[in-house]
>>> print(open('data18.txt').read())   # compact mmCIF, C-alpha atoms
# COMPACT_ATOMS: atom_id res chain seq x y z
CA GLN E 28 313.78 90.03 226.42
CA ASP E 29 316.38 88.63 228.80
CA THR E 30 318.26 91.89 228.44
CA CYS E 31 315.14 93.84 229.35
CA LEU E 32 314.56 91.67 232.39
CA SER E 33 318.13 92.23 233.47
CA LEU E 34 317.68 95.95 233.16
CA ALA E 35 314.46 95.72 235.18
CA TRP E 36 316.28 93.83 237.92
CA LEU E 37 318.97 96.49 237.86
CA ALA E 38 316.28 99.13 238.34
CA LEU E 39 314.92 97.23 241.33
CA LEU E 40 318.43 96.99 242.75
CA SER E 41 318.78 100.79 242.34
CA ILE E 42 315.59 101.19 244.39
CA TYR E 43 317.11 98.98 247.08
CA PHE E 44 320.36 100.96 247.18
CA ALA E 45 318.43 104.24 247.21
CA LEU E 46 316.60 103.04 250.31
CA ILE E 47 319.61 101.83 252.26
CA HIS E 48 322.05 104.61 251.35
CA SER E 49 319.73 107.60 251.75
CA ASN E 50 319.39 108.60 255.42
CA PRO E 51 316.61 109.58 255.67
CA PRO E 52 315.26 108.19 252.37
CA ARG E 53 314.54 110.94 249.87
CA MET E 54 311.44 110.85 247.69
CA THR E 55 313.47 112.20 244.74
CA HIS E 56 315.66 109.07 244.66
CA LEU E 57 312.63 106.77 244.89
CA ARG E 58 310.77 108.55 242.09
CA GLN E 59 313.84 108.34 239.82
CA ALA E 60 314.29 104.63 240.54
CA LEU E 61 310.61 103.84 239.92
CA SER E 62 310.67 105.76 236.68
CA THR E 63 313.74 103.85 235.50
CA ALA E 64 312.19 100.43 236.37
CA GLY E 65 308.92 101.27 234.65
CA ARG E 66 310.71 102.40 231.49
CA HIS E 67 312.65 99.14 231.17
CA ILE E 68 309.59 97.02 231.86
CA ARG E 69 307.53 98.81 229.21
CA SER E 70 310.36 98.40 226.73
CA CYS E 71 310.20 94.64 227.32
CA GLY E 72 306.51 94.55 226.52
CA LEU E 73 305.52 93.39 229.95
CA ALA E 74 302.93 96.12 230.44
CA SER E 75 300.76 94.66 227.60
CA SER E 76 301.26 91.02 228.52
CA SER E 77 299.08 88.84 230.66
CA LYS E 78 298.04 90.15 234.05
CA SER E 79 299.37 87.03 235.75
CA GLY E 80 302.95 86.74 236.83
CA PRO E 81 305.33 88.58 239.05
CA GLN E 82 305.89 91.38 236.50
CA SER E 83 302.21 92.36 236.43
CA SER E 84 302.03 92.31 240.19
CA GLN E 85 304.99 94.65 240.26
CA ILE E 86 303.30 97.05 237.83
CA TYR E 87 300.10 97.11 239.81
CA ARG E 88 302.03 97.43 243.04
CA PHE E 89 303.65 100.62 241.76
CA LYS E 90 300.29 102.10 240.72
CA THR E 91 298.69 101.25 244.04
CA THR E 92 301.47 102.94 245.95
CA THR E 93 301.10 106.13 243.91
CA THR E 94 297.32 106.20 244.44
CA ASN E 95 297.71 105.82 248.23
CA THR E 96 300.16 108.76 248.29
CA ASN E 97 297.68 111.06 246.55
CA THR E 98 294.92 110.00 248.93
CA LYS E 99 297.15 110.78 251.90
CA LYS E 100 297.91 114.25 250.57
CA LEU E 101 294.22 114.94 250.03
CA THR E 102 293.43 113.81 253.55
CA SER E 103 296.13 116.11 254.99
CA MET E 104 294.69 119.16 253.15
CA GLU E 105 291.19 118.46 254.48
CA GLN E 106 292.60 118.10 257.98
CA TYR E 107 294.43 121.45 257.61
CA LYS E 108 291.22 123.19 256.56
CA ASN E 109 289.34 121.67 259.48
CA GLU E 110 291.98 122.85 261.95
CA LYS E 111 291.83 126.36 260.49
CA GLN E 112 288.06 126.43 260.85
CA VAL E 113 288.25 125.19 264.45
CA ALA E 114 290.78 127.94 265.31
CA LYS E 115 288.59 130.56 263.66
CA ASP E 116 285.52 129.40 265.61
CA ARG E 117 287.53 129.54 268.85
CA ARG E 118 288.63 133.16 268.18
CA THR E 119 285.05 134.14 267.34
CA GLU E 120 283.81 132.61 270.60
CA GLN E 121 286.47 134.43 272.64
CA TYR E 122 285.57 137.76 271.02
CA ASN E 123 281.84 137.26 271.67
CA ASN E 124 282.56 136.39 275.32
CA LYS E 125 284.65 139.56 275.66
CA ILE E 126 281.85 141.74 274.23
CA ASN E 127 279.21 140.10 276.44
CA ARG E 128 281.36 140.56 279.56
CA ARG E 129 281.94 144.23 278.72
CA GLU E 130 278.18 144.79 278.42
CA LYS E 131 277.54 143.13 281.77
CA LEU E 132 280.18 145.22 283.59
CA GLY E 133 278.46 148.58 283.12
CA ASN E 134 280.33 150.18 286.04
CA ARG E 135 283.71 149.77 284.32
CA GLN E 136 285.35 152.59 282.37
CA ASP E 137 284.11 152.91 278.81
CA PRO E 138 287.07 152.16 276.49
CA GLU E 139 285.72 154.71 274.02
CA LYS E 140 286.39 157.44 276.61
CA LYS E 141 290.07 156.63 276.93
CA ASN E 142 292.16 159.83 276.95
CA HIS E 143 288.98 161.90 276.58
CA LYS E 144 290.27 164.47 279.10
CA LYS E 145 293.53 164.78 277.21
CA ASN E 146 291.70 165.05 273.88
CA GLU E 147 289.37 167.70 275.30
CA PHE E 148 292.35 169.78 276.43
CA ARG E 149 294.20 169.38 273.12
CA GLN E 150 291.12 170.44 271.20
CA TRP E 151 290.95 173.70 273.17
CA PHE E 152 294.70 174.32 273.38
CA ASP E 153 295.49 173.66 269.71
CA GLY E 154 292.83 176.14 268.62
CA MET E 155 294.08 178.81 271.02
CA ALA E 156 297.74 178.27 270.01
CA SER E 157 296.85 178.52 266.32
CA LYS E 158 294.99 181.77 266.91
CA GLN E 159 297.91 183.27 268.86
CA ALA E 160 300.37 182.23 266.15
CA TYR E 161 298.18 183.87 263.50
CA LEU E 162 297.98 187.15 265.45
CA ASP E 163 301.76 187.13 265.92
CA ARG E 164 302.25 186.79 262.18
CA GLU E 165 299.76 189.59 261.50
CA ALA E 166 301.54 191.92 263.96
CA ARG E 167 304.91 191.25 262.28
CA ARG E 168 303.40 191.67 258.84
CA GLN E 169 301.91 195.06 259.78
CA GLY E 170 305.09 196.07 261.63
CA LYS E 171 303.28 196.80 264.91
CA GLN E 172 304.24 196.11 268.52
CA TRP E 173 302.43 194.48 271.43
CA LYS E 174 301.59 195.93 274.81
CA ILE E 175 302.93 193.54 277.48
CA ASN E 176 300.97 193.00 280.71
CA VAL E 177 301.73 190.83 283.73
CA ALA E 178 299.07 189.17 285.92
CA ALA E 179 299.83 187.82 289.41
CA MET E 180 298.36 184.45 290.42
CA VAL E 181 298.47 184.94 294.22
CA GLU E 182 297.80 181.42 295.45
CA ARG E 183 296.90 180.29 298.95
CA LEU E 184 297.59 176.57 299.43
CA PRO E 185 295.03 174.20 301.04
CA ILE E 186 294.88 174.34 304.84
CA VAL E 187 293.34 170.91 305.44
CA THR E 188 293.43 167.67 303.46
CA PRO E 189 290.58 167.11 301.03
CA ASP E 190 287.71 164.79 301.91
CA LYS E 191 288.22 161.17 300.94
CA HIS E 192 285.67 159.17 299.02
CA ASP E 193 284.05 156.13 300.59
CA TRP E 194 286.00 153.75 298.38
CA GLU E 195 289.27 155.41 299.48
CA LEU E 196 288.42 154.90 303.15
CA ASP E 197 287.49 151.26 302.51
CA TYR E 198 290.82 150.76 300.74
CA PHE E 199 292.85 152.22 303.61
CA TYR E 200 290.99 150.17 306.21
CA LEU E 201 291.46 146.97 304.23
CA LYS E 202 295.15 147.70 303.65
CA ALA E 203 295.71 148.30 307.38
CA GLU E 204 293.89 145.07 308.23
CA LEU E 205 295.96 143.01 305.79
CA GLN E 206 299.15 144.63 307.06
CA ARG E 207 298.67 142.90 310.39
CA TYR E 208 298.99 139.50 308.69
CA ASP E 209 302.07 140.55 306.73
CA ASP E 210 304.04 141.81 309.73
CA ILE E 211 306.55 139.54 311.44
CA ALA E 212 305.63 137.95 314.76
CA PHE E 213 308.70 137.95 317.01
CA PRO E 214 309.17 135.68 320.04
CA LYS E 215 307.38 136.97 323.13
CA GLU E 216 310.66 136.90 325.07
CA LEU E 217 311.85 139.90 323.01
CA GLY E 218 308.99 142.04 324.30
CA ILE E 219 307.83 143.08 320.82
CA PRO E 220 304.01 143.22 320.58
CA ASP E 221 302.28 140.74 318.32
CA PRO E 222 300.85 142.42 315.18
CA MET E 223 297.58 140.56 315.64
CA ASP E 224 297.05 142.32 318.99
CA PHE E 225 296.61 145.67 317.23
CA LYS E 226 293.18 146.84 316.14
CA VAL E 227 292.45 148.92 313.06
CA LEU E 228 290.49 151.97 314.23
CA LYS E 229 288.12 153.87 311.97
CA GLN E 230 287.73 157.63 311.95
CA GLU E 231 284.72 157.61 314.25
CA GLU E 232 286.57 155.50 316.82
CA LEU E 233 289.57 157.83 316.69
CA MET E 234 287.35 160.86 317.32
CA GLU E 235 285.95 159.17 320.42
CA MET E 236 289.47 158.76 321.80
CA LEU E 237 290.14 162.52 321.87
CA PRO E 238 290.53 164.14 325.32
CA GLU E 239 287.33 165.27 326.98
CA GLY E 240 286.44 168.84 326.11
CA PHE E 241 288.62 168.96 322.99
CA THR E 242 286.73 169.84 319.81
CA PRO E 243 288.50 169.77 316.42
CA ALA E 244 288.23 172.86 314.26
CA PRO E 245 285.53 172.60 311.58
CA ARG E 246 286.56 171.76 308.05
CA GLU E 247 283.92 174.15 306.72
CA THR E 248 284.03 177.69 308.11
CA GLU E 249 281.33 180.29 308.64
CA ALA E 250 282.49 182.04 305.48
CA ASP E 251 281.73 178.91 303.47
CA LYS E 252 278.23 178.75 304.91
CA SER E 253 277.48 182.45 304.45
CA GLY E 254 279.14 182.78 301.02
CA VAL E 255 281.60 185.53 302.03
CA ILE E 256 284.59 185.57 299.65
CA GLN E 257 286.61 188.54 301.05
CA THR E 258 288.51 186.36 303.52
CA LEU E 259 291.25 183.76 303.55
CA ASP E 260 289.28 181.65 306.03
CA ARG E 261 287.30 179.84 303.31
CA GLN E 262 287.65 176.89 300.97
CA LEU E 263 290.23 175.30 303.28
CA LYS E 264 290.32 172.05 301.27
CA THR E 265 291.47 173.61 298.01
CA ARG E 266 293.58 176.45 296.59
CA VAL E 267 292.19 179.96 296.34
CA TYR E 268 293.45 182.93 294.30
CA LEU E 269 293.25 186.67 294.86
CA SER E 270 290.81 188.05 292.26
CA ILE E 271 289.36 191.48 291.57
CA ARG E 272 286.49 192.87 289.54
CA HIS E 273 287.04 196.34 288.05
CA ASP E 274 283.66 196.86 286.44
CA ASP E 275 281.06 195.12 284.29
CA ALA E 276 283.15 195.57 281.15
CA LYS E 277 286.32 193.81 282.41
CA GLY E 278 284.65 191.42 284.81
CA TRP E 279 286.58 189.19 287.21
CA GLU E 280 290.32 188.89 286.62
CA LEU E 281 293.65 188.50 288.41
CA PRO E 282 295.72 191.55 289.54
CA THR E 283 297.28 192.90 286.31
CA VAL E 284 299.65 195.76 285.45
CA ALA E 285 301.51 196.88 282.33
CA LEU E 286 305.14 195.75 282.27
CA ASN E 287 307.64 198.60 282.57
CA GLU E 288 310.80 198.84 280.50
CA ASN E 289 313.67 196.65 281.81
CA GLU E 290 311.30 195.00 284.33
CA SER E 291 311.14 191.22 284.67
CA PHE E 292 307.91 189.27 284.72
CA LEU E 293 308.39 188.34 288.37
CA ASP E 294 309.00 191.96 289.43
CA GLY E 295 305.92 192.96 287.48
CA ALA E 296 303.83 190.33 289.30
CA LYS E 297 305.03 191.57 292.70
CA ARG E 298 304.19 195.14 291.71
CA ALA E 299 300.72 194.07 290.54
CA THR E 300 300.08 192.48 293.95
CA GLN E 301 301.22 195.62 295.78
CA VAL E 302 299.04 197.87 293.61
CA VAL E 303 295.95 195.78 294.34
CA ALA E 304 296.48 194.44 297.89
CA GLY E 305 299.15 196.66 299.45
CA ASP E 306 302.47 195.77 301.05
CA GLU E 307 301.15 193.58 303.87
CA LEU E 308 301.09 190.36 301.85
CA GLU E 309 304.21 188.22 302.13
CA LEU E 310 304.76 186.15 299.00
CA VAL E 311 306.95 183.21 298.01
CA CYS E 312 308.17 183.21 294.41
CA PHE E 313 309.49 179.96 292.94
CA SER E 314 310.04 180.65 289.25
CA ASN E 315 310.59 183.34 286.65
CA CYS E 316 308.65 181.35 284.05
CA PRO E 317 305.05 182.36 283.23
CA MET E 318 302.25 179.83 283.65
CA GLY E 319 300.37 180.99 280.57
CA VAL E 320 299.67 183.84 278.16
CA THR E 321 296.60 185.36 276.57
CA VAL E 322 296.51 187.51 273.42
CA HIS E 323 294.01 190.25 272.61
CA GLU E 324 293.90 192.19 269.34
CA TYR E 325 292.82 195.83 269.45
CA SER E 326 290.07 197.14 267.23
CA GLU E 327 290.95 199.78 264.64
CA GLU E 328 289.85 202.58 266.99
CA GLU E 329 291.96 201.17 269.82
CA LYS E 330 294.97 200.79 267.54
CA ASN E 331 294.74 204.45 266.50
CA ALA E 332 294.26 205.56 270.12
CA ASN E 333 297.32 203.55 271.29
CA ASN E 334 299.77 204.84 268.65
CA GLY E 335 299.43 201.84 266.39
CA ILE E 336 299.84 199.14 269.06
CA PHE E 337 298.51 195.88 267.62
CA GLY E 338 297.12 194.47 270.90
CA GLU E 339 297.90 193.14 274.38
CA LYS E 340 299.77 190.09 275.62
CA THR E 341 299.18 189.16 279.26
CA PHE E 342 301.63 186.80 280.96
CA TYR E 343 300.50 185.01 284.15
CA MET E 344 303.02 184.51 286.98
CA ARG E 345 302.35 182.16 289.91
CA VAL E 346 303.29 183.40 293.41
CA GLN E 347 302.25 181.81 296.69
CA TYR E 348 300.77 183.49 299.73
CA ASP E 349 302.87 183.05 302.87
CA ASP E 350 301.57 185.48 305.50
CA GLY E 351 299.74 188.75 306.03
CA ASP E 352 296.48 190.06 304.63
CA VAL E 353 295.24 192.43 301.96
CA ASN E 354 294.94 196.14 302.62
CA LYS E 355 291.22 196.86 302.80
CA ASP E 356 291.72 200.47 301.73
CA LYS E 357 293.51 199.35 298.59
CA VAL E 358 290.99 196.74 297.45
CA SER E 359 287.94 198.83 298.36
CA LYS E 360 288.44 200.94 295.20
CA PHE E 361 287.43 197.98 293.05
CA ASN E 362 283.88 196.96 292.33
CA ASP E 363 284.42 193.61 294.07
CA TRP E 364 287.24 191.35 295.16
CA GLY E 365 287.78 188.03 296.91
CA TRP E 366 289.70 184.79 297.25
CA LEU E 367 288.21 182.45 294.66
CA ALA E 368 288.79 178.76 294.00
CA ARG E 369 289.51 177.52 290.51
CA ASP E 370 285.96 176.31 289.86
CA GLU E 371 284.51 179.60 291.12
CA MET E 372 286.84 181.64 288.91
CA ALA E 373 286.02 179.52 285.87
CA GLU E 374 282.29 179.84 286.55
CA LYS E 375 282.44 183.63 286.79
CA ALA E 376 284.61 183.87 283.66
CA SER E 377 282.18 181.67 281.75
CA ALA E 378 279.23 183.89 282.66
CA GLU E 379 281.03 187.17 281.82
CA LYS E 380 283.60 186.41 279.09
CA GLY E 381 282.65 183.13 277.49
CA GLU E 382 283.62 179.49 277.57
CA ASP E 383 287.13 179.97 276.14
CA GLU E 384 288.13 182.27 279.00
CA ALA E 385 286.63 179.83 281.49
CA LEU E 386 288.65 176.93 280.07
CA PHE E 387 291.82 179.04 280.27
CA TYR E 388 291.38 179.56 284.02
CA LYS E 389 290.35 175.94 284.49
CA TYR E 390 293.54 174.56 282.95
CA MET E 391 295.94 177.22 284.23
CA LEU E 392 294.89 177.58 287.89
>>> encode(input="data18.txt", output="structure tokens")
Amino acid sequence: QDTCLSLAWLALLSIYFALIHSNPPRMTHLRQALSTAGRHIRSCGLASSSKSGPQSSQIYRFKTTTTNTNTKKLTSMEQYKNEKQVAKDRRTEQYNNKINRREKLGNRQDPEKKNHKKNEFRQWFDGMASKQAYLDREARRQGKQWKINVAAMVERLPIVTPDKHDWELDYFYLKAELQRYDDIAFPKELGIPDPMDFKVLKQEELMEMLPEGFTPAPRETEADKSGVIQTLDRQLKTRVYLSIRHDDAKGWELPTVALNENESFLDGAKRATQVVAGDELELVCFSNCPMGVTVHEYSEEEKNANNGIFGEKTFYMRVQYDDGDVNKDKVSKFNDWGWLARDEMAEKASAEKGEDEALFYKYML
């Protein structure tokens, strides 16, 4: 028994050395030391002896320590779960506040409509491109050629700036007012005016400062009021395009001619303008690249009548009006003609040729 007690004291000494030599103390060393001490004490028969004495107090002390450790671990797990639940409740509250705020702000942009203009264009364009690719494959498979046409987009640029919305005017006035406070105030001895001495004038106040007897030209002309389209003096705030109407079958379209052999697209567009409007129009040409293309497949009767030609491809070239006017004798041979804005051209194409043709003019012009 004395030997067992000696071994027990050695185990306790190992616990002491494990505590002082481990920095920081490691739980592995402590567990090994406790296991060694308990094994020697049980071998001495102290575990079954009387509950009084220092040995029994040591045994119970070890058990109590182990029980407290398990309780601490259990408490830490419950605290972890509570923290997770609190974080989850906080995220739920933030999401509900975001949804409620979005419902209150009805004038804001609907997030579901993000990129809806882009998606609308892609839906139309992808279908048209797939159809053109299919017709190209069919023409190659049948070994037939295309008839190439060129259409001239004779464009007159806007003459006056477009009307501003009320919110745009409010923004400009506010920006000019705040600019006075941002400018630097120099010493008066330098003779530089103080920014705060300036006054932000609105459009009505500026009009009152014009010289007596001076009247600005109207932004809307008589042609806009009467609906006359055979003049350049209309739709001054936007772009207009020279358009012709052959008959009810073809409807409204841009000046178009068949491309000659060894003729470029740009030369073909200039020739189309001369055929329709004469030589008095002066044009500015910026590019040899077409703006768009349309494809039309002939019926079987048309294919036989055109020596087996599969169909027509029409390439659209943009040229800008610089000076001059159309030759009235030239354009009078058509059923109708005029300078049409993009919306007007799309509206006429929609009524005569369908929605697909209207969308083509809407996106191209």
>>> closest_residue(input="data18.txt", among="E:Glu382, E:Asp153, E:Glu182, E:Glu339", to="Leu269 in chain E", atoms="all atoms listed in the file")
E:Glu182
>>> axis_aligned_box(input="data18.txt", around="range 145-155 of chain E", padding_each_side="3 Å", output="AutoDock Vina command-line options")
--center_x 292.4 --center_y 171.8 --center_z 272.9 --size_x 12.1 --size_y 20.0 --size_z 14.6
>>> atom_distance(input="data18.txt", atom1="CA of Leu367 in chain E", atom2="CA of Glu147 in chain E")
24.4 Å
>>> closest_residue(input="data18.txt", among="E:Arg261, E:His323, E:Asp163, E:Lys360", to="Arg246 in chain E", atoms="all atoms listed in the file")
E:Arg261
>>> residues_around(input="data18.txt", residues="Phe387 in chain E", least_positions_apart="2", cutoff="10 Å", atoms="all atoms listed in the file", output="list in words")
Trp151, Phe152, Met155, Gly319, Val320, Thr321, Ala373, Ala376, Glu382, Asp383, Glu384, Ala385, Lys389, Tyr390, Met391 and Leu392 of chain E
>>> write_last_selection(input="data18.txt", atoms="C-alpha atoms", output="mmCIF file, in the frame of the given file")
data_model
loop_
_atom_site.group_PDB
_atom_site.id
_atom_site.type_symbol
_atom_site.label_atom_id
_atom_site.label_comp_id
_atom_site.auth_asym_id
_atom_site.auth_seq_id
_atom_site.Cartn_x
_atom_site.Cartn_y
_atom_site.Cartn_z
ATOM 1 C CA TRP E 151 290.950 173.700 273.170
ATOM 2 C CA PHE E 152 294.700 174.320 273.380
ATOM 3 C CA MET E 155 294.080 178.810 271.020
ATOM 4 C CA GLY E 319 300.370 180.990 280.570
ATOM 5 C CA VAL E 320 299.670 183.840 278.160
ATOM 6 C CA THR E 321 296.600 185.360 276.570
ATOM 7 C CA ALA E 373 286.020 179.520 285.870
ATOM 8 C CA ALA E 376 284.610 183.870 283.660
ATOM 9 C CA GLU E 382 283.620 179.490 277.570
ATOM 10 C CA ASP E 383 287.130 179.970 276.140
ATOM 11 C CA GLU E 384 288.130 182.270 279.000
ATOM 12 C CA ALA E 385 286.630 179.830 281.490
ATOM 13 C CA LYS E 389 290.350 175.940 284.490
ATOM 14 C CA TYR E 390 293.540 174.560 282.950
ATOM 15 C CA MET E 391 295.940 177.220 284.230
ATOM 16 C CA LEU E 392 294.890 177.580 287.890
#
>>> closest_residue(input="data18.txt", among="E:Gly218, E:Phe199, E:Tyr343, E:Glu309", to="Val322 in chain E", atoms="only C-alpha atoms")
E:Tyr343
>>> residues_around(input="data18.txt", residues="Ala296 in chain E", least_positions_apart="5", cutoff="7 Å", atoms="only C-alpha atoms", output="list in words")
Val177, Ala178, Ala179 and Met344 of chain E
>>> closest_residue(input="data18.txt", among="E:Ser253, E:Asn176, E:Thr258, E:Thr341", to="Ser270 in chain E", atoms="all atoms listed in the file")
E:Thr258
>>> atom_distance(input="data18.txt", atom1="CA of Gly305 in chain E", atom2="CA of Asp370 in chain E")
26.1 Å
>>> closest_residue(input="data18.txt", among="E:Leu162, E:Ile175, E:Leu310, E:Leu263", to="Glu324 in chain E", atoms="only C-alpha atoms")
E:Leu162
>>> atom_distance(input="data18.txt", atom1="CA of Val284 in chain E", atom2="CA of Arg369 in chain E")
21.5 Å
>>> closest_residue(input="data18.txt", among="E:Phe148, E:Phe342, E:Tyr107, E:Tyr388", to="Tyr268 in chain E", atoms="all atoms listed in the file")
E:Tyr388
>>> residues_around(input="data18.txt", residues="Asn333 in chain E", least_positions_apart="5", cutoff="12 Å", atoms="all atoms listed in the file", output="PyMOL selection string")
chain E and resi 171-174+325-328+338-339
